[in-house]
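A.B. asks: Quick one, my_file-v1.txt (compact mmCIF, C-alpha atoms):
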```txt
# COMPACT_ATOMS: atom_id res chain seq x y z
CA THR A 1 25.93 -3.69 -36.04
CA GLN A 2 26.85 -1.62 -33.01
CA VAL A 3 27.06 -2.19 -29.28
CA LYS A 4 27.62 0.79 -27.01
CA GLY A 5 29.64 0.42 -23.82
CA ALA A 6 30.24 2.89 -21.03
CA PHE A 7 32.19 5.20 -23.32
CA SER A 8 32.82 3.14 -26.44
CA GLU A 9 31.04 1.21 -29.16
CA VAL A 10 31.79 -2.16 -30.69
CA VAL A 11 31.41 -2.76 -34.41
CA LEU A 12 32.06 -5.70 -36.68
CA ALA A 13 34.93 -5.36 -39.13
CA GLN A 14 36.46 -7.50 -41.84
CA GLU A 15 40.17 -7.41 -42.59
CA LYS A 16 40.55 -6.66 -46.29
CA LEU A 17 43.59 -8.80 -46.99
CA THR A 18 42.50 -11.97 -45.22
CA GLY A 19 38.72 -11.67 -44.95
CA ARG A 20 38.96 -12.41 -41.21
CA VAL A 21 36.23 -10.85 -39.10
CA PHE A 22 36.96 -9.02 -35.86
CA ALA A 23 35.12 -7.07 -33.18
CA VAL A 24 36.45 -3.50 -33.02
CA LYS A 25 36.07 -1.45 -29.86
CA CYS A 26 35.88 2.18 -31.03
CA ILE A 27 36.70 4.73 -28.36
CA PRO A 28 36.40 8.46 -29.11
CA LYS A 29 39.44 10.27 -27.72
CA LYS A 30 37.23 13.05 -26.40
CA ALA A 31 35.44 10.45 -24.28
CA LEU A 32 38.76 9.42 -22.74
CA LYS A 33 39.45 12.75 -21.10
CA GLY A 34 39.47 12.09 -17.39
CA LYS A 35 39.18 8.34 -18.03
CA GLU A 36 42.59 7.73 -19.54
CA SER A 37 43.65 5.47 -16.69
CA SER A 38 40.63 3.20 -17.20
CA ILE A 39 41.26 2.40 -20.86
CA GLU A 40 45.04 2.42 -20.35
CA ASN A 41 44.54 -0.21 -17.65
CA GLU A 42 42.29 -2.33 -19.89
CA ILE A 43 44.85 -2.23 -22.69
CA ALA A 44 47.77 -2.93 -20.35
CA VAL A 45 45.90 -5.98 -19.04
CA LEU A 46 44.85 -7.25 -22.48
CA ARG A 47 48.35 -6.87 -23.93
CA ARG A 48 49.69 -9.36 -21.38
CA ILE A 49 47.01 -12.02 -21.83
CA LYS A 50 47.31 -15.03 -24.12
CA HIS A 51 44.93 -17.82 -23.12
CA GLU A 52 42.59 -20.02 -25.12
CA ASN A 53 39.58 -19.10 -22.95
CA ILE A 54 40.14 -15.33 -22.90
CA VAL A 55 39.13 -12.96 -25.70
CA ALA A 56 42.35 -11.69 -27.26
CA LEU A 57 43.42 -8.16 -28.15
CA GLU A 58 44.75 -8.58 -31.69
CA ASP A 59 45.98 -5.06 -32.40
CA ILE A 60 45.57 -1.37 -31.60
CA TYR A 61 45.14 1.51 -34.06
CA GLU A 62 44.51 5.19 -33.67
CA SER A 63 43.12 7.99 -35.80
CA PRO A 64 43.06 11.70 -34.97
CA ASP A 65 39.73 11.22 -33.18
CA HIS A 66 39.50 7.57 -32.13
CA LEU A 67 41.32 4.68 -30.54
CA TYR A 68 40.50 1.28 -32.04
CA LEU A 69 41.01 -2.00 -30.18
CA ILE A 70 40.94 -4.90 -32.64
CA MET A 71 39.49 -7.80 -30.64
CA GLN A 72 39.10 -11.48 -31.39
CA LEU A 73 35.50 -12.09 -32.49
CA VAL A 74 33.55 -14.63 -30.49
CA SER A 75 30.37 -15.61 -32.27
CA GLY A 76 28.75 -18.33 -30.18
CA GLY A 77 26.53 -16.14 -28.04
CA GLU A 78 26.02 -15.75 -24.32
CA LEU A 79 26.14 -18.48 -21.72
CA PHE A 80 22.52 -18.39 -20.58
CA ASP A 81 21.14 -18.18 -24.10
CA ARG A 82 23.01 -21.35 -25.07
CA ILE A 83 21.82 -23.27 -22.00
CA VAL A 84 18.19 -22.34 -22.62
CA GLU A 85 18.48 -23.41 -26.27
CA LYS A 86 19.90 -26.83 -25.34
CA GLY A 87 17.60 -29.81 -24.99
CA PHE A 88 19.93 -31.65 -22.63
CA TYR A 89 22.00 -30.12 -19.84
CA THR A 90 23.69 -31.76 -16.86
CA GLU A 91 25.90 -31.09 -13.85
CA LYS A 92 28.76 -32.44 -15.94
CA ASP A 93 28.12 -29.73 -18.55
CA ALA A 94 28.20 -27.09 -15.82
CA SER A 95 31.39 -28.61 -14.39
CA THR A 96 33.06 -28.46 -17.82
CA LEU A 97 32.09 -24.80 -18.18
CA ILE A 98 33.34 -23.85 -14.72
CA ARG A 99 36.60 -25.77 -15.24
CA GLN A 100 37.35 -23.59 -18.29
CA VAL A 101 36.56 -20.42 -16.35
CA LEU A 102 38.72 -21.57 -13.43
CA ASP A 103 41.60 -22.42 -15.76
CA ALA A 104 41.45 -18.97 -17.38
CA VAL A 105 41.09 -17.07 -14.10
CA ASN A 106 43.88 -19.13 -12.52
CA TYR A 107 46.06 -18.03 -15.44
CA LEU A 108 45.13 -14.40 -14.75
CA HIS A 109 45.84 -14.76 -11.05
CA ARG A 110 49.27 -16.26 -11.69
CA MET A 111 50.00 -13.13 -13.75
CA GLY A 112 48.84 -10.91 -10.90
CA ILE A 113 45.66 -9.87 -12.71
CA VAL A 114 42.26 -9.75 -10.98
CA HIS A 115 39.22 -9.55 -13.29
CA ARG A 116 36.86 -8.05 -10.66
CA ASP A 117 33.72 -8.29 -12.80
CA LEU A 118 33.16 -11.97 -13.54
CA LYS A 119 29.51 -12.64 -14.37
CA PRO A 120 27.55 -14.73 -16.89
CA GLU A 121 27.22 -11.79 -19.29
CA ASN A 122 31.01 -11.75 -19.64
CA LEU A 123 31.14 -15.44 -20.58
CA LEU A 124 30.69 -15.96 -24.32
CA TYR A 125 30.93 -19.03 -26.52
CA PHE A 126 33.75 -18.97 -29.06
CA ASN A 127 31.57 -20.27 -31.90
CA PRO A 128 28.07 -21.74 -32.47
CA GLN A 129 29.24 -25.38 -32.39
CA ASP A 130 27.89 -27.60 -29.60
CA GLU A 131 31.36 -28.31 -28.23
CA SER A 132 32.52 -24.69 -28.37
CA LYS A 133 34.82 -23.47 -25.64
CA ILE A 134 33.78 -20.63 -23.33
CA MET A 135 35.55 -17.25 -23.44
CA ILE A 136 36.00 -14.57 -20.77
CA SER A 137 35.50 -11.03 -22.04
CA ASP A 138 35.35 -7.45 -20.75
CA PHE A 139 38.46 -6.44 -18.84
CA GLY A 140 37.31 -2.88 -18.19
CA LEU A 141 37.45 -3.32 -14.41
CA SER A 142 40.45 -5.63 -14.29
CA LYS A 143 43.38 -4.67 -12.14
CA MET A 144 46.95 -5.79 -11.77
CA GLU A 145 47.77 -6.47 -8.15
CA GLY A 146 50.41 -4.30 -6.61
CA ASN A 147 53.08 -5.31 -4.14
CA GLY A 148 50.56 -5.43 -1.31
CA ASP A 149 48.32 -7.83 -3.22
CA VAL A 150 45.22 -6.00 -1.99
CA MET A 151 42.84 -3.51 -3.58
CA SER A 152 40.07 -1.40 -2.12
CA THR A 153 38.09 0.25 -4.95
CA ALA A 154 34.47 -0.88 -4.81
CA CYS A 155 33.53 -2.17 -8.25
CA GLY A 156 31.81 -5.01 -10.05
CA THR A 157 28.19 -6.11 -10.49
CA PRO A 158 26.25 -6.27 -7.18
CA GLY A 159 24.87 -9.82 -7.39
CA TYR A 160 28.33 -11.28 -8.09
CA VAL A 161 30.47 -9.14 -5.79
CA ALA A 162 32.24 -10.69 -2.80
CA PRO A 163 31.31 -9.63 0.77
CA GLU A 164 34.68 -7.99 1.40
CA VAL A 165 34.15 -5.64 -1.56
CA LEU A 166 30.76 -4.51 -0.26
CA ALA A 167 32.25 -4.14 3.21
CA GLN A 168 34.82 -1.79 1.63
CA LYS A 169 37.63 -3.85 3.04
CA PRO A 170 40.91 -4.42 1.22
CA TYR A 171 40.53 -7.39 -1.10
CA SER A 172 42.53 -9.59 -3.44
CA LYS A 173 42.14 -12.16 -6.21
CA ALA A 174 39.81 -14.13 -3.91
CA VAL A 175 36.97 -11.86 -5.13
CA ASP A 176 37.09 -13.63 -8.51
CA CYS A 177 36.76 -17.01 -6.83
CA TRP A 178 33.61 -15.84 -5.03
CA SER A 179 32.13 -14.69 -8.36
CA ILE A 180 32.89 -18.08 -9.95
CA GLY A 181 31.02 -19.71 -7.05
CA VAL A 182 28.00 -17.49 -7.74
CA ILE A 183 28.12 -18.38 -11.44
CA ALA A 184 28.34 -22.10 -10.62
CA TYR A 185 25.34 -21.75 -8.29
CA ILE A 186 23.27 -20.17 -11.07
CA LEU A 187 24.37 -22.77 -13.61
CA LEU A 188 22.91 -25.54 -11.43
CA CYS A 189 19.56 -23.98 -10.53
CA GLY A 190 18.91 -21.07 -12.91
CA TYR A 191 18.46 -18.38 -10.25
CA PRO A 192 20.91 -16.23 -8.24
CA PRO A 193 21.90 -17.06 -4.66
CA PHE A 194 21.18 -13.48 -3.59
CA TYR A 195 18.21 -11.44 -4.68
CA ASP A 196 16.16 -8.53 -3.43
CA GLU A 197 14.54 -5.56 -5.16
CA ASN A 198 16.03 -3.41 -2.42
CA ASP A 199 19.78 -2.98 -2.91
CA SER A 200 20.52 -2.52 0.78
CA LYS A 201 18.78 -5.83 1.59
CA LEU A 202 20.62 -7.51 -1.27
CA PHE A 203 23.94 -6.21 0.07
CA GLU A 204 23.00 -7.40 3.57
CA GLN A 205 22.44 -10.95 2.24
CA ILE A 206 25.81 -10.92 0.48
CA LEU A 207 27.66 -9.46 3.47
CA LYS A 208 26.36 -12.35 5.59
CA ALA A 209 26.91 -14.90 2.81
CA ASP A 210 23.25 -15.73 3.43
CA TYR A 211 22.36 -18.25 0.73
CA GLU A 212 20.74 -21.68 0.68
CA PHE A 213 20.39 -24.70 -1.58
CA ASP A 214 16.61 -24.50 -1.74
CA ALA A 215 14.27 -27.45 -2.24
CA PRO A 216 13.02 -28.59 -4.68
CA TYR A 217 15.50 -26.94 -7.07
CA TRP A 218 18.59 -28.47 -5.45
CA ASP A 219 17.12 -31.88 -4.56
CA ASP A 220 18.65 -33.58 -7.60
CA ILE A 221 22.01 -31.78 -7.38
CA SER A 222 24.96 -33.72 -5.95
CA ASP A 223 26.44 -33.04 -2.53
CA SER A 224 29.78 -32.67 -4.28
CA ALA A 225 28.46 -29.74 -6.35
CA LYS A 226 27.11 -28.06 -3.21
CA ASP A 227 30.44 -28.58 -1.43
CA PHE A 228 32.29 -27.08 -4.40
CA ILE A 229 30.07 -23.98 -4.41
CA SER A 230 30.30 -23.59 -0.62
CA SER A 231 34.10 -23.71 -0.86
CA LEU A 232 34.07 -20.75 -3.28
CA MET A 233 31.20 -18.83 -1.70
CA GLU A 234 32.99 -18.76 1.66
CA LYS A 235 32.51 -15.46 3.48
CA ASP A 236 36.08 -15.40 4.83
CA PRO A 237 38.41 -14.80 1.85
CA THR A 238 41.32 -16.43 3.71
CA LYS A 239 39.31 -19.69 3.90
CA ARG A 240 37.85 -19.42 0.41
CA PHE A 241 39.15 -21.83 -2.21
CA THR A 242 41.69 -20.44 -4.67
CA CYS A 243 41.35 -21.31 -8.37
CA GLU A 244 44.03 -23.96 -7.98
CA GLN A 245 42.19 -25.59 -5.08
CA ALA A 246 38.90 -25.43 -6.97
CA LEU A 247 40.49 -27.06 -10.02
CA ARG A 248 41.47 -30.02 -7.79
CA HIS A 249 37.96 -30.46 -6.34
CA PRO A 250 36.32 -33.79 -7.28
CA TRP A 251 33.38 -31.98 -8.91
CA ILE A 252 35.87 -30.47 -11.39
CA ALA A 253 38.77 -32.92 -11.51
CA GLY A 254 36.94 -36.13 -10.62
CA ASP A 255 33.73 -37.86 -11.62
CA THR A 256 31.28 -36.63 -8.99
CA ALA A 257 29.38 -34.27 -11.35
CA LEU A 258 26.14 -36.05 -12.22
CA CYS A 259 24.97 -36.75 -15.77
CA LYS A 260 21.24 -36.43 -15.02
CA ASN A 261 19.37 -34.05 -17.32
CA ILE A 262 18.46 -30.89 -15.34
CA HIS A 263 17.66 -28.77 -18.41
CA GLU A 264 13.94 -28.32 -17.87
CA SER A 265 14.24 -26.95 -14.34
CA VAL A 266 17.35 -24.81 -14.96
CA SER A 267 16.17 -23.31 -18.26
CA ARG A 268 12.76 -22.46 -16.77
CA GLN A 269 14.43 -20.58 -13.92
CA ILE A 270 16.88 -18.81 -16.25
CA ARG A 271 13.97 -17.56 -18.40
CA LYS A 272 12.18 -16.41 -15.25
CA ASN A 273 15.09 -14.73 -13.50
CA PHE A 274 17.30 -13.37 -16.27
CA ALA A 275 15.90 -11.06 -18.93
CA LYS A 276 17.05 -11.68 -22.48
CA SER A 277 20.58 -10.37 -22.59
CA LYS A 278 21.28 -6.83 -23.77
CA TRP A 279 24.20 -8.17 -25.77
CA ARG A 280 22.00 -10.57 -27.70
CA GLN A 281 19.35 -7.92 -28.32
CA ALA A 282 21.91 -5.53 -29.72
CA PHE A 283 24.41 -7.75 -31.44
CA ASN A 284 24.06 -11.31 -32.64
CA ALA A 285 27.52 -11.89 -34.03
CA THR A 286 26.70 -15.40 -35.15
CA ALA A 287 23.89 -14.21 -37.39
CA VAL A 288 25.94 -11.35 -38.81
CA VAL A 289 28.84 -13.59 -39.72
CA ARG A 290 26.50 -16.14 -41.23
CA HIS A 291 24.81 -13.48 -43.40
CA MET A 292 28.17 -12.05 -44.43
CA ARG A 293 29.27 -15.43 -45.70
CA ARG A 294 25.95 -16.17 -47.34
CA LEU A 295 25.83 -12.90 -49.21
CA GLN A 296 29.57 -12.95 -49.92
CA LEU A 297 29.92 -9.37 -48.81
CA GLY A 298 33.67 -9.52 -48.32
CA SER A 299 34.67 -8.71 -51.89
CA SER A 300 32.09 -6.01 -52.45
CA MET A 301 33.02 -4.33 -49.18
CA GLY A 302 36.67 -4.48 -50.04
CA SER A 303 36.12 -2.74 -53.36
CA SER A 304 33.84 -0.12 -51.83
CA MET A 305 36.42 0.61 -49.16
CA ASP A 306 39.17 1.16 -51.69
CA ALA A 307 37.29 4.27 -52.74
CA SER A 308 37.39 5.70 -49.23
CA ASN A 309 40.94 5.34 -47.99
CA SER A 310 41.41 8.94 -46.89
CA PRO A 311 41.80 9.51 -43.12
CA ASN A 312 38.63 11.62 -43.14
CA SER A 313 36.54 8.77 -44.55
CA GLN A 314 36.99 5.97 -42.09
CA ARG A 315 33.71 4.08 -42.25
CA ASN A 316 31.26 2.57 -44.68
CA THR A 317 27.77 1.69 -43.51
CA LEU A 318 25.26 -0.63 -45.10
CA SER A 319 22.20 -2.53 -43.97
CA PHE A 320 21.21 -6.11 -44.62
CA CYS A 321 18.86 -8.59 -43.00
CA GLY A 322 18.00 -6.05 -40.33
CA TYR A 323 21.62 -5.48 -39.29
CA ARG A 324 23.57 -2.28 -39.47
CA TYR A 325 27.09 -3.20 -40.43
CA GLU A 326 29.94 -0.73 -40.09
CA LYS A 327 33.25 -1.38 -41.79
CA ILE A 328 36.33 0.20 -40.32
CA THR A 329 39.09 1.27 -42.66
CA VAL A 330 42.26 -0.07 -41.09
CA PHE A 331 44.76 2.66 -40.24
CA THR A 332 48.35 2.43 -41.31
CA ALA A 333 50.19 2.91 -38.01
CA PRO A 334 49.51 0.63 -35.05
CA VAL A 335 50.02 2.10 -31.62
CA SER A 336 53.21 0.43 -30.42
CA SER A 337 53.02 2.10 -27.04
CA ILE A 338 49.92 3.54 -25.44
CA SER A 339 51.79 6.19 -23.43
CA PRO A 340 52.41 8.69 -26.26
CA LEU A 341 48.73 8.50 -27.20
CA PHE A 342 47.62 9.61 -23.77
CA ARG A 343 50.21 12.35 -23.60
CA ASN A 344 48.72 13.84 -26.77
CA LEU A 345 45.07 13.67 -25.74
CA GLY A 346 44.81 17.26 -24.63
```
Will you turn the file into structure tokens for me?
C.D. replies:
Amino acid sequence: TQVKGAFSEVVLAQEKLTGRVFAVKCIPKKALKGKESSIENEIAVLRRIKHENIVALEDIYESPDHLYLIMQLVSGGELFDRIVEKGFYTEKDASTLIRQVLDAVNYLHRMGIVHRDLKPENLLYFNPQDESKIMISDFGLSKMEGNGDVMSTACGTPGYVAPEVLAQKPYSKAVDCWSIGVIAYILLCGYPPFYDENDSKLFEQILKADYEFDAPYWDDISDSAKDFISSLMEKDPTKRFTCEQALRHPWIAGDTALCKNIHESVSRQIRKNFAKSKWRQAFNATAVVRHMRRLQLGSSMGSSMDASNSPNSQRNTLSFCGYRYEKITVFTAPVSSISPLFRNLG
């Protein structure tokens, strides 16, 4: 199973000694030329992060041609897919989800890290269980704040980007709080607060913070939820709630989130407004892991890999149940420091 990113692919791998399964981000070194700072930044960010709601970087390996990031495997699927599959979904469920995201992003902010690309596609469930925790992934656009605590590079996904980013003004960690507000909005109605086929009109809506809690979709949603979202989707970043403030809001910390079932309305809107996720189309980790266990592939793969331990034979490929599974031979020397790797790229 493969997933291609901007200049990398992700494959599923099983550690021979333990049988543990990981996601491996495979980055060709030739693809890094001119982009060294991007991947170096991602690795620098991931190396610092240890939080229960953030996908972990387990290890780094290199070969003559590739860099391999060994990532914690999260197998529970994407946020929207899980909501649609539920039969019962409430404000309280949404509040619990957002609290986990706030807790993780607050942790990042205390470390001086801004994610800059928070969106539902980057929120994955840890496992298929009903009570699974949510995980933040994809730190490709993350940035560590400098001494000035402001950044100015326009980046992110348009529908989730804060007004100050589109206005090309200096911005800070408050951009993540705006994005969390947008995600919370979608979780309670199933459609985005800003939408237009024309990008310039979409940007104009965002720049004005021009959104509404439309009837009838918001009629059964609590005033507390609307107040929470408005506090995060505040146009002025100096007045916008921080993660710490949001974590203290009654909708998160108290009991104002309603327990009424809103699944039918929200799931209908999600199906209408959000196409089936690219991630799920390309890579259903849950199904792959399930099939691996069912077919007990671990031992047979281990023995087949023993026959291909030379540096020039790094992968085995096989197909089963419609999945293409690539096994990465683990290299002997982890990269203890990323700097020498980039010095030798030429």
A.B. asks: So how many Å separate atom CA of Pro163 of chain A and atom CA of Leu118 of chain A, to one decimal?
C.D. replies: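 Interatomic distance, atom CA of Pro163 of chain A to atom CA of Leu118 of chain A: 14.6 Å.
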A.B. asks: Report the distance between atom CA of Ser137 of chain A and atom CA of Leu73 of chain A in Å, rounded to one decimal place.
C.D. replies: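 Distance reported for this atom pair: 10.5 Å.
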A.B. asks: Quick one: of A:Val161, A:Asp176, A:Ala94, A:Pro128, who's nearest to Ile221 of chain A, counting all atoms listed in the file?
C.D. replies: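 That would be A:Ala94, the residue with the smallest distance to Ile221 of chain A.
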A.B. asks: When you draw a straight line from atom CA of Ile262 of chain A to atom CA of Ser179 of chain A, how long is it in Å?
C.D. replies: 22.3 Å
A.B. asks: Just checking: using all atoms listed in the file, which residue out of A:Val45, A:Leu57, A:Val175, A:Val165 ends up closest to Thr238 of chain A?
C.D. replies: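 Of A:Val45, A:Leu57, A:Val175, A:Val165, the one nearest Thr238 of chain A, counting all atoms listed in the file, is A:Val175.
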A.B. asks: Env of segment 270-274 of chain A: 10 Å cut, atoms = all atoms listed in the file, seq-sep filter 5 positions within chain, self excluded. Answer as a list in words.
C.D. replies: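 Residues near the query, excluding close chain neighbours: Phe80, Asp81, Ile83, Val84, Ile186, Leu187, Cys189, Gly190, Tyr191, Pro192, Tyr195 and Ser265 of chain A.
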A.B. asks: Here's a test: counting all atoms listed in the file, identify every protein, DNA and RNA residue with an atom at most 12 Å from (36.7, -22.3, -20.7) in the file's coordinate frame, and state them as a PyMOL selection string.
C.D. replies: chain A and resi 51-55+79+93-107+123-126+131-137
A.B. asks: Neighbouring residues of Asp214 of chain A were defined as those with any atom within 10 Å, considering all atoms listed in the file; residues of the same chain fewer than 3 positions away were excluded. Please report them as a ChimeraX atom specification.
C.D. replies: /A:189,193,211,217-219
A.B. asks: Hey, which of A:Arg110, A:His115, A:Lys16, A:Lys29 ends up closest to Leu46 of chain A? Count all atoms listed in the file.
C.D. replies: A:His115
A.B. asks: So, counting all atoms listed in the file, which residue among A:His109, A:Asp196, A:Glu40, A:Gln72 is closest to Val21 of chain A?
C.D. replies: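 Among the listed residues, A:Gln72 lies closest to Val21 of chain A.
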A.B. asks: Which residue out of A:Ala56, A:Ala162, A:Leu108, A:Ala225 has the minimum interatomic distance to Leu258 of chain A when all atoms listed in the file are used?
C.D. replies: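 The shortest atom-to-atom distance to Leu258 of chain A comes from A:Ala225.
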A.B. asks: Would you please work out which residue, of A:Tyr89, A:Phe213, A:Tyr160, A:Phe194, is nearest to Asp130 of chain A when using all atoms listed in the file?
C.D. replies: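 When distances to Asp130 of chain A are compared using all atoms listed in the file, the smallest one comes from A:Tyr89.
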